[in-house]
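Quick look at input.txt (compact mmCIF, N, CA and C atoms):
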# COMPACT_ATOMS: atom_id res chain seq x y z
N MET Z 1 0.82 -1.19 0.00
CA MET Z 1 0.00 0.00 0.00
C MET Z 1 0.87 1.26 0.00
N HIS Z 2 1.82 1.35 0.92
CA HIS Z 2 2.68 2.54 0.98
C HIS Z 2 3.63 2.60 -0.20
N ASP Z 3 4.09 1.45 -0.69
CA ASP Z 3 4.96 1.47 -1.87
C ASP Z 3 4.23 2.09 -3.06
N ASP Z 4 2.92 1.81 -3.19
CA ASP Z 4 2.14 2.40 -4.29
C ASP Z 4 2.11 3.92 -4.18
N LEU Z 5 1.91 4.43 -2.96
CA LEU Z 5 1.89 5.88 -2.74
C LEU Z 5 3.25 6.49 -3.11
N ILE Z 6 4.32 5.85 -2.69
CA ILE Z 6 5.65 6.38 -2.98
C ILE Z 6 5.97 6.26 -4.47
N ASP Z 7 5.51 5.19 -5.10
CA ASP Z 7 5.70 5.09 -6.56
C ASP Z 7 4.97 6.23 -7.28
N ARG Z 8 3.78 6.60 -6.78
CA ARG Z 8 3.05 7.72 -7.37
C ARG Z 8 3.81 9.04 -7.11
N TYR Z 9 4.39 9.17 -5.93
CA TYR Z 9 5.22 10.34 -5.60
C TYR Z 9 6.40 10.43 -6.57
N ILE Z 10 7.08 9.31 -6.80
CA ILE Z 10 8.21 9.29 -7.74
C ILE Z 10 7.72 9.65 -9.15
N ALA Z 11 6.54 9.17 -9.52
CA ALA Z 11 5.98 9.50 -10.84
C ALA Z 11 5.79 11.01 -10.99
N CYS Z 12 5.41 11.69 -9.90
CA CYS Z 12 5.31 13.16 -9.94
C CYS Z 12 6.63 13.77 -10.37
N TRP Z 13 7.72 13.28 -9.80
CA TRP Z 13 9.05 13.82 -10.07
C TRP Z 13 9.51 13.51 -11.49
N ASN Z 14 8.98 12.47 -12.10
CA ASN Z 14 9.39 12.08 -13.45
C ASN Z 14 8.47 12.61 -14.54
N ALA Z 15 7.34 13.20 -14.17
CA ALA Z 15 6.39 13.71 -15.16
C ALA Z 15 6.92 15.02 -15.74
N THR Z 16 7.27 15.00 -17.01
CA THR Z 16 7.80 16.20 -17.65
C THR Z 16 6.71 17.07 -18.27
N ASP Z 17 5.55 16.50 -18.52
CA ASP Z 17 4.41 17.26 -19.03
C ASP Z 17 3.74 17.98 -17.85
N ALA Z 18 3.59 19.30 -17.95
CA ALA Z 18 3.07 20.09 -16.83
C ALA Z 18 1.67 19.65 -16.41
N ALA Z 19 0.78 19.35 -17.36
CA ALA Z 19 -0.58 18.94 -17.02
C ALA Z 19 -0.58 17.58 -16.32
N GLU Z 20 0.21 16.66 -16.82
CA GLU Z 20 0.32 15.34 -16.17
C GLU Z 20 0.88 15.49 -14.76
N ARG Z 21 1.91 16.31 -14.62
CA ARG Z 21 2.52 16.52 -13.30
C ARG Z 21 1.51 17.14 -12.34
N ARG Z 22 0.75 18.13 -12.80
CA ARG Z 22 -0.26 18.77 -11.97
C ARG Z 22 -1.30 17.75 -11.49
N ASP Z 23 -1.75 16.88 -12.38
CA ASP Z 23 -2.73 15.85 -12.00
C ASP Z 23 -2.14 14.86 -11.01
N LEU Z 24 -0.91 14.44 -11.24
CA LEU Z 24 -0.25 13.51 -10.31
C LEU Z 24 -0.05 14.14 -8.94
N VAL Z 25 0.37 15.40 -8.91
CA VAL Z 25 0.56 16.09 -7.64
C VAL Z 25 -0.76 16.17 -6.88
N ALA Z 26 -1.85 16.50 -7.56
CA ALA Z 26 -3.16 16.59 -6.90
C ALA Z 26 -3.62 15.23 -6.36
N ALA Z 27 -3.29 14.16 -7.07
CA ALA Z 27 -3.68 12.82 -6.62
C ALA Z 27 -2.79 12.31 -5.49
N THR Z 28 -1.60 12.86 -5.36
CA THR Z 28 -0.60 12.35 -4.41
C THR Z 28 -0.51 13.17 -3.14
N PHE Z 29 -0.72 14.48 -3.23
CA PHE Z 29 -0.56 15.40 -2.10
C PHE Z 29 -1.89 16.05 -1.72
N THR Z 30 -2.06 16.35 -0.43
CA THR Z 30 -3.19 17.16 0.00
C THR Z 30 -2.99 18.59 -0.50
N GLU Z 31 -4.07 19.36 -0.51
CA GLU Z 31 -4.00 20.74 -1.02
C GLU Z 31 -3.00 21.59 -0.24
N GLY Z 32 -2.91 21.40 1.06
CA GLY Z 32 -2.01 22.20 1.88
C GLY Z 32 -0.67 21.55 2.16
N ALA Z 33 -0.33 20.52 1.40
CA ALA Z 33 0.90 19.76 1.65
C ALA Z 33 2.14 20.63 1.45
N THR Z 34 3.22 20.21 2.10
CA THR Z 34 4.52 20.84 1.90
C THR Z 34 5.51 19.79 1.44
N CYS Z 35 6.49 20.24 0.69
CA CYS Z 35 7.55 19.36 0.21
C CYS Z 35 8.83 20.19 0.20
N CYS Z 36 9.86 19.70 0.88
CA CYS Z 36 11.10 20.47 0.92
C CYS Z 36 12.30 19.54 0.93
N ASP Z 37 13.39 20.07 0.42
CA ASP Z 37 14.69 19.41 0.50
C ASP Z 37 15.70 20.52 0.77
N PRO Z 38 16.98 20.23 0.83
CA PRO Z 38 17.93 21.29 1.17
C PRO Z 38 17.95 22.47 0.20
N MET Z 39 17.52 22.27 -1.04
CA MET Z 39 17.61 23.33 -2.03
C MET Z 39 16.28 24.03 -2.31
N LEU Z 40 15.17 23.32 -2.18
CA LEU Z 40 13.88 23.83 -2.64
C LEU Z 40 12.78 23.58 -1.62
N ARG Z 41 11.71 24.37 -1.71
CA ARG Z 41 10.54 24.16 -0.86
C ARG Z 41 9.30 24.53 -1.67
N GLY Z 42 8.26 23.70 -1.56
CA GLY Z 42 6.99 23.99 -2.22
C GLY Z 42 5.85 23.75 -1.26
N GLU Z 43 4.80 24.55 -1.41
CA GLU Z 43 3.62 24.38 -0.57
C GLU Z 43 2.38 24.41 -1.45
N GLY Z 44 1.46 23.49 -1.19
CA GLY Z 44 0.26 23.38 -2.00
C GLY Z 44 0.57 22.74 -3.34
N HIS Z 45 -0.49 22.39 -4.06
CA HIS Z 45 -0.30 21.70 -5.33
C HIS Z 45 0.55 22.51 -6.31
N ALA Z 46 0.25 23.80 -6.45
CA ALA Z 46 0.99 24.62 -7.41
C ALA Z 46 2.45 24.77 -6.99
N GLY Z 47 2.68 24.96 -5.71
CA GLY Z 47 4.06 25.12 -5.22
C GLY Z 47 4.88 23.86 -5.37
N ILE Z 48 4.26 22.71 -5.13
CA ILE Z 48 4.98 21.44 -5.27
C ILE Z 48 5.26 21.15 -6.74
N ALA Z 49 4.28 21.40 -7.61
CA ALA Z 49 4.51 21.20 -9.04
C ALA Z 49 5.63 22.11 -9.54
N ALA Z 50 5.69 23.35 -9.05
CA ALA Z 50 6.75 24.28 -9.45
C ALA Z 50 8.11 23.81 -8.92
N LEU Z 51 8.15 23.30 -7.70
CA LEU Z 51 9.39 22.77 -7.12
C LEU Z 51 9.93 21.64 -8.00
N ILE Z 52 9.04 20.73 -8.40
CA ILE Z 52 9.46 19.60 -9.23
C ILE Z 52 9.96 20.09 -10.59
N ALA Z 53 9.25 21.04 -11.19
CA ALA Z 53 9.69 21.59 -12.48
C ALA Z 53 11.07 22.23 -12.35
N ALA Z 54 11.31 22.94 -11.26
CA ALA Z 54 12.63 23.56 -11.04
C ALA Z 54 13.71 22.50 -10.90
N ALA Z 55 13.41 21.44 -10.18
CA ALA Z 55 14.39 20.36 -10.01
C ALA Z 55 14.69 19.69 -11.34
N GLN Z 56 13.65 19.45 -12.15
CA GLN Z 56 13.87 18.84 -13.46
C GLN Z 56 14.74 19.73 -14.35
N HIS Z 57 14.54 21.02 -14.25
CA HIS Z 57 15.36 21.97 -15.03
C HIS Z 57 16.83 21.89 -14.62
N HIS Z 58 17.05 21.63 -13.34
CA HIS Z 58 18.41 21.57 -12.79
C HIS Z 58 19.13 20.28 -13.18
N VAL Z 59 18.38 19.18 -13.37
CA VAL Z 59 18.98 17.88 -13.71
C VAL Z 59 18.26 17.29 -14.93
N PRO Z 60 18.38 17.93 -16.09
CA PRO Z 60 17.65 17.49 -17.27
C PRO Z 60 18.04 16.07 -17.69
N GLY Z 61 17.02 15.33 -18.14
CA GLY Z 61 17.25 13.98 -18.63
C GLY Z 61 17.40 12.92 -17.56
N MET Z 62 17.36 13.31 -16.31
CA MET Z 62 17.51 12.35 -15.21
C MET Z 62 16.14 11.83 -14.78
N ARG Z 63 16.14 10.63 -14.24
CA ARG Z 63 14.90 9.99 -13.77
C ARG Z 63 15.08 9.59 -12.31
N PHE Z 64 14.04 9.82 -11.53
CA PHE Z 64 14.03 9.36 -10.14
C PHE Z 64 13.49 7.94 -10.09
N ARG Z 65 13.95 7.17 -9.14
CA ARG Z 65 13.40 5.84 -8.89
C ARG Z 65 13.54 5.52 -7.41
N ARG Z 66 12.58 4.75 -6.91
CA ARG Z 66 12.61 4.33 -5.51
C ARG Z 66 13.69 3.29 -5.36
N ARG Z 67 14.43 3.37 -4.26
CA ARG Z 67 15.46 2.37 -3.96
C ARG Z 67 15.01 1.60 -2.73
N GLY Z 68 14.62 0.34 -2.93
CA GLY Z 68 14.18 -0.48 -1.81
C GLY Z 68 12.72 -0.23 -1.46
N GLY Z 69 12.35 -0.72 -0.30
CA GLY Z 69 10.97 -0.63 0.16
C GLY Z 69 10.71 0.65 0.94
N THR Z 70 9.50 0.72 1.46
CA THR Z 70 9.06 1.86 2.25
C THR Z 70 8.87 1.42 3.69
N ASP Z 71 9.52 2.09 4.62
CA ASP Z 71 9.33 1.83 6.04
C ASP Z 71 8.19 2.71 6.53
N ALA Z 72 7.33 2.14 7.39
CA ALA Z 72 6.18 2.90 7.86
C ALA Z 72 5.87 2.58 9.32
N HIS Z 73 5.42 3.60 10.02
CA HIS Z 73 4.78 3.42 11.32
C HIS Z 73 3.87 4.62 11.55
N HIS Z 74 2.74 4.35 12.17
CA HIS Z 74 1.72 5.36 12.40
C HIS Z 74 1.42 6.08 11.07
N ASP Z 75 1.55 7.37 11.04
CA ASP Z 75 1.29 8.11 9.80
C ASP Z 75 2.59 8.59 9.15
N ARG Z 76 3.70 7.89 9.41
CA ARG Z 76 5.02 8.31 8.92
C ARG Z 76 5.61 7.29 7.96
N LEU Z 77 6.31 7.79 6.97
CA LEU Z 77 6.99 6.93 6.00
C LEU Z 77 8.45 7.37 5.85
N ARG Z 78 9.29 6.40 5.51
CA ARG Z 78 10.69 6.67 5.16
C ARG Z 78 11.01 5.81 3.95
N PHE Z 79 11.65 6.43 2.97
CA PHE Z 79 12.01 5.69 1.76
C PHE Z 79 13.24 6.32 1.14
N ALA Z 80 13.94 5.53 0.36
CA ALA Z 80 15.15 6.00 -0.32
C ALA Z 80 14.87 6.10 -1.81
N TRP Z 81 15.59 6.99 -2.45
CA TRP Z 81 15.45 7.20 -3.89
C TRP Z 81 16.83 7.40 -4.49
N GLU Z 82 16.85 7.27 -5.80
CA GLU Z 82 18.07 7.55 -6.55
C GLU Z 82 17.70 8.28 -7.83
N LEU Z 83 18.68 8.95 -8.39
CA LEU Z 83 18.49 9.76 -9.58
C LEU Z 83 19.59 9.44 -10.57
N GLY Z 84 19.19 9.21 -11.82
CA GLY Z 84 20.18 8.94 -12.85
C GLY Z 84 19.53 8.87 -14.21
N PRO Z 85 20.34 8.75 -15.24
CA PRO Z 85 19.80 8.56 -16.58
C PRO Z 85 19.04 7.23 -16.64
N GLU Z 86 18.02 7.18 -17.47
CA GLU Z 86 17.24 5.95 -17.64
C GLU Z 86 18.16 4.79 -17.98
N GLY Z 87 18.06 3.71 -17.21
CA GLY Z 87 18.83 2.50 -17.47
C GLY Z 87 20.30 2.57 -17.11
N ALA Z 88 20.72 3.64 -16.45
CA ALA Z 88 22.14 3.79 -16.10
C ALA Z 88 22.30 3.91 -14.59
N ALA Z 89 23.53 3.86 -14.14
CA ALA Z 89 23.82 3.96 -12.71
C ALA Z 89 23.38 5.32 -12.17
N PRO Z 90 22.94 5.36 -10.93
CA PRO Z 90 22.52 6.63 -10.34
C PRO Z 90 23.70 7.58 -10.14
N VAL Z 91 23.40 8.87 -10.22
CA VAL Z 91 24.41 9.91 -9.96
C VAL Z 91 24.12 10.64 -8.65
N ALA Z 92 22.97 10.35 -8.06
CA ALA Z 92 22.57 10.99 -6.80
C ALA Z 92 21.59 10.08 -6.09
N GLY Z 93 21.40 10.34 -4.81
CA GLY Z 93 20.45 9.56 -4.04
C GLY Z 93 20.14 10.24 -2.73
N GLY Z 94 19.06 9.80 -2.11
CA GLY Z 94 18.69 10.40 -0.85
C GLY Z 94 17.66 9.59 -0.10
N THR Z 95 17.23 10.15 1.01
CA THR Z 95 16.23 9.55 1.87
C THR Z 95 15.18 10.61 2.15
N ASP Z 96 13.92 10.24 2.03
CA ASP Z 96 12.83 11.17 2.31
C ASP Z 96 11.98 10.63 3.45
N MET Z 97 11.42 11.55 4.21
CA MET Z 97 10.47 11.25 5.27
C MET Z 97 9.15 11.89 4.87
N ALA Z 98 8.05 11.20 5.13
CA ALA Z 98 6.75 11.73 4.73
C ALA Z 98 5.72 11.51 5.82
N VAL Z 99 4.69 12.36 5.80
CA VAL Z 99 3.54 12.24 6.68
C VAL Z 99 2.33 11.96 5.80
N ILE Z 100 1.57 10.93 6.17
CA ILE Z 100 0.38 10.56 5.42
C ILE Z 100 -0.83 11.24 6.05
N ALA Z 101 -1.65 11.89 5.24
CA ALA Z 101 -2.89 12.51 5.69
C ALA Z 101 -3.96 11.44 5.89
N PRO Z 102 -5.02 11.75 6.63
CA PRO Z 102 -6.09 10.77 6.83
C PRO Z 102 -6.71 10.25 5.53
N ASP Z 103 -6.66 11.04 4.45
CA ASP Z 103 -7.24 10.59 3.18
C ASP Z 103 -6.29 9.71 2.37
N GLY Z 104 -5.09 9.44 2.92
CA GLY Z 104 -4.15 8.55 2.26
C GLY Z 104 -3.15 9.24 1.35
N ARG Z 105 -3.31 10.54 1.16
CA ARG Z 105 -2.34 11.29 0.36
C ARG Z 105 -1.23 11.81 1.27
N LEU Z 106 -0.23 12.40 0.68
CA LEU Z 106 0.89 12.94 1.45
C LEU Z 106 0.57 14.34 1.95
N ALA Z 107 0.82 14.57 3.25
CA ALA Z 107 0.62 15.89 3.85
C ALA Z 107 1.93 16.66 3.90
N ALA Z 108 3.05 15.94 3.97
CA ALA Z 108 4.36 16.59 4.03
C ALA Z 108 5.44 15.60 3.62
N VAL Z 109 6.43 16.10 2.92
CA VAL Z 109 7.61 15.31 2.57
C VAL Z 109 8.84 16.17 2.84
N THR Z 110 9.80 15.59 3.54
CA THR Z 110 11.09 16.24 3.78
C THR Z 110 12.17 15.36 3.18
N GLY Z 111 12.91 15.91 2.25
CA GLY Z 111 13.94 15.15 1.54
C GLY Z 111 15.34 15.48 2.03
N PHE Z 112 16.16 14.46 2.08
CA PHE Z 112 17.57 14.60 2.44
C PHE Z 112 18.40 14.03 1.30
N VAL Z 113 19.37 14.78 0.83
CA VAL Z 113 20.25 14.32 -0.25
C VAL Z 113 21.45 13.64 0.39
N ASP Z 114 21.58 12.34 0.16
CA ASP Z 114 22.70 11.57 0.71
C ASP Z 114 23.92 11.64 -0.20
N VAL Z 115 23.68 11.62 -1.51
CA VAL Z 115 24.74 11.72 -2.51
C VAL Z 115 24.25 12.72 -3.56
N ALA Z 116 24.94 13.84 -3.69
CA ALA Z 116 24.55 14.87 -4.65
C ALA Z 116 25.22 14.62 -5.99
N PRO Z 117 24.58 15.07 -7.08
CA PRO Z 117 25.24 14.97 -8.38
C PRO Z 117 26.55 15.75 -8.34
N GLN Z 118 27.55 15.29 -9.07
CA GLN Z 118 28.84 16.00 -9.11
C GLN Z 118 28.62 17.43 -9.55
N GLY Z 119 29.35 18.32 -8.93
CA GLY Z 119 29.20 19.73 -9.24
C GLY Z 119 28.20 20.43 -8.37
N GLU Z 120 27.53 19.70 -7.50
CA GLU Z 120 26.53 20.31 -6.62
C GLU Z 120 27.15 20.70 -5.31
Spell out the structure here as structure tokens.
Amino acid sequence: MHDDLIDRYIACWNATDAAERRDLVAATFTEGATCCDPMLRGEGHAGIAALIAAAQHHVPGMRFRRRGGTDAHHDRLRFAWELGPEGAAPVAGGTDMAVIAPDGRLAAVTGFVDVAPQGE
């Protein structure tokens, strides 16, 4: 169940079409959700979609993917991700923590970059 939610979250980050990304963000996050990492912060559907678009602009051609399973307790999740060209070794990776809202969508995500792309 939680892996499906995180897979949908990762799909948000990989959606390059703005309309598709907007729809995925709305299906994945609550309206007042927050999403932040060391470089960026977004609030609400529009803010999160803009954060993702900015990140994609910074790492063009890269794809996010979940690394391993999702750890969960109560309304909290922890999962790892990696970033790299499709079908190639990752160039970055991190760990995110999330809070699940009562409706099953994400209320908050805090990202930590464990390995940054070279030059970052």
Å distance separating CA of Gly111 in chain Z from CA of Thr70 in chain Z, one decimal place
14.2 Å
In Å, rounded to a single decimal, give me how far atom N of Asp75 in chain Z is from atom C of Leu5 in chain Z.
14.3 Å
So how far away is CA of Met97 in chain Z from CA of Glu43 in chain Z, in Å?
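Between CA of Glu43 in chain Z and CA of Met97 in chain Z the gap works out to 15.9 Å.
When only N, CA and C atoms are used to compute distances to Thr16 in chain Z, the closest of the residues Z:Ala89, Z:Gly69, Z:Gln56, Z:Asp103 turns out to be Z:Gln56.
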List every residue of chain Z that DSSP, applied to the backbone of this structure, places in alpha helix (DSSP H), and write the result as a VMD selection string.
chain Z and resid 2 to 14 18 to 28 44 to 58
7 Å contact set for range 32-38 of chain Z, all atoms listed in the file, chain neighbours under 2 positions out, as a list of chain:residue names
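Neighbouring residues, sequence-local ones excluded: Z:Phe29, Z:Thr30, Z:Leu40, Z:Arg41, Z:Gly42, Z:Glu43, Z:Gly44, Z:His45, Z:Ile48, Z:Leu106, Z:Ala107, Z:Ala108, Z:Val109, Z:Thr110, Z:Gly111, Z:Phe112, Z:Val113.
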Looking at all atoms listed in the file, which of Z:Ala49, Z:Ala11, Z:Met62, Z:Met39 is the one that sits closest to Glu82 in chain Z?
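Distance minimum relative to Glu82 in chain Z lands on Z:Met62.
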For Arg22 in chain Z: contacts at 8 Å, all atoms listed in the file, fewer than 2 positions along chain excluded, given as number ranges by chain:
Z: 12, 15, 17-20, 24-28, 45-46, 48-49
Is it possible to get the axis-aligned box enclosing range 95-110 of chain Z (all listed atoms, 3 Å extra per side) as AutoDock Vina command-line options, with centre and edge lengths in Å rounded to one decimal?
--center_x 5.0 --center_y 12.6 --center_z 3.6 --size_x 30.5 --size_y 14.1 --size_z 12.5
Z:Val59, Z:Leu77, Z:Ala72, Z:Ile6 ranked by distance to Ile100 in chain Z, top pick (using only N, CA and C atoms)
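Distance minimum relative to Ile100 in chain Z lands on Z:Leu77.
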Taking (24.1, 6.9, 0.2) in the file's own coordinates, collect the residues within 7 Å, counting only N, CA and C atoms, and hand them back as a ChimeraX atom specification.
/Z:93-94,114-115
Which residue, Z:Val99, Z:Asp71, Z:Leu83, Z:Pro90, has the smallest gap to Met1 in chain Z when you use only C-alpha atoms?
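Among Z:Val99, Z:Asp71, Z:Leu83, Z:Pro90, it is Z:Asp71 that comes nearest to Met1 in chain Z.
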Which of these, Z:Glu31, Z:Phe64, Z:His58, Z:Arg105, has the shortest distance to Trp13 in chain Z once you count all atoms listed in the file?
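Once distances to Trp13 in chain Z are computed over all atoms listed in the file, the minimum belongs to Z:Phe64.
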Point out the residue among Z:Pro117, Z:Arg63, Z:His73, Z:Gly47 with the least atom-to-atom distance to Asn14 in chain Z, counting all atoms listed in the file.
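Of Z:Pro117, Z:Arg63, Z:His73, Z:Gly47, the one nearest Asn14 in chain Z is Z:Arg63, counting all atoms listed in the file.
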Identify the residues within 9 Å of coordinate (10.4, 3.5, -7.9) (same frame as the file), considering only C-alpha atoms, and give the answer as a list in words.
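These residues have at least one counted atom within 9 Å: Asp3, Ile6, Asp7, Arg8, Tyr9, Ile10, Ala11, Phe64, Arg65, Arg66, Arg67, Gly68, Trp81 and Glu82 of chain Z.
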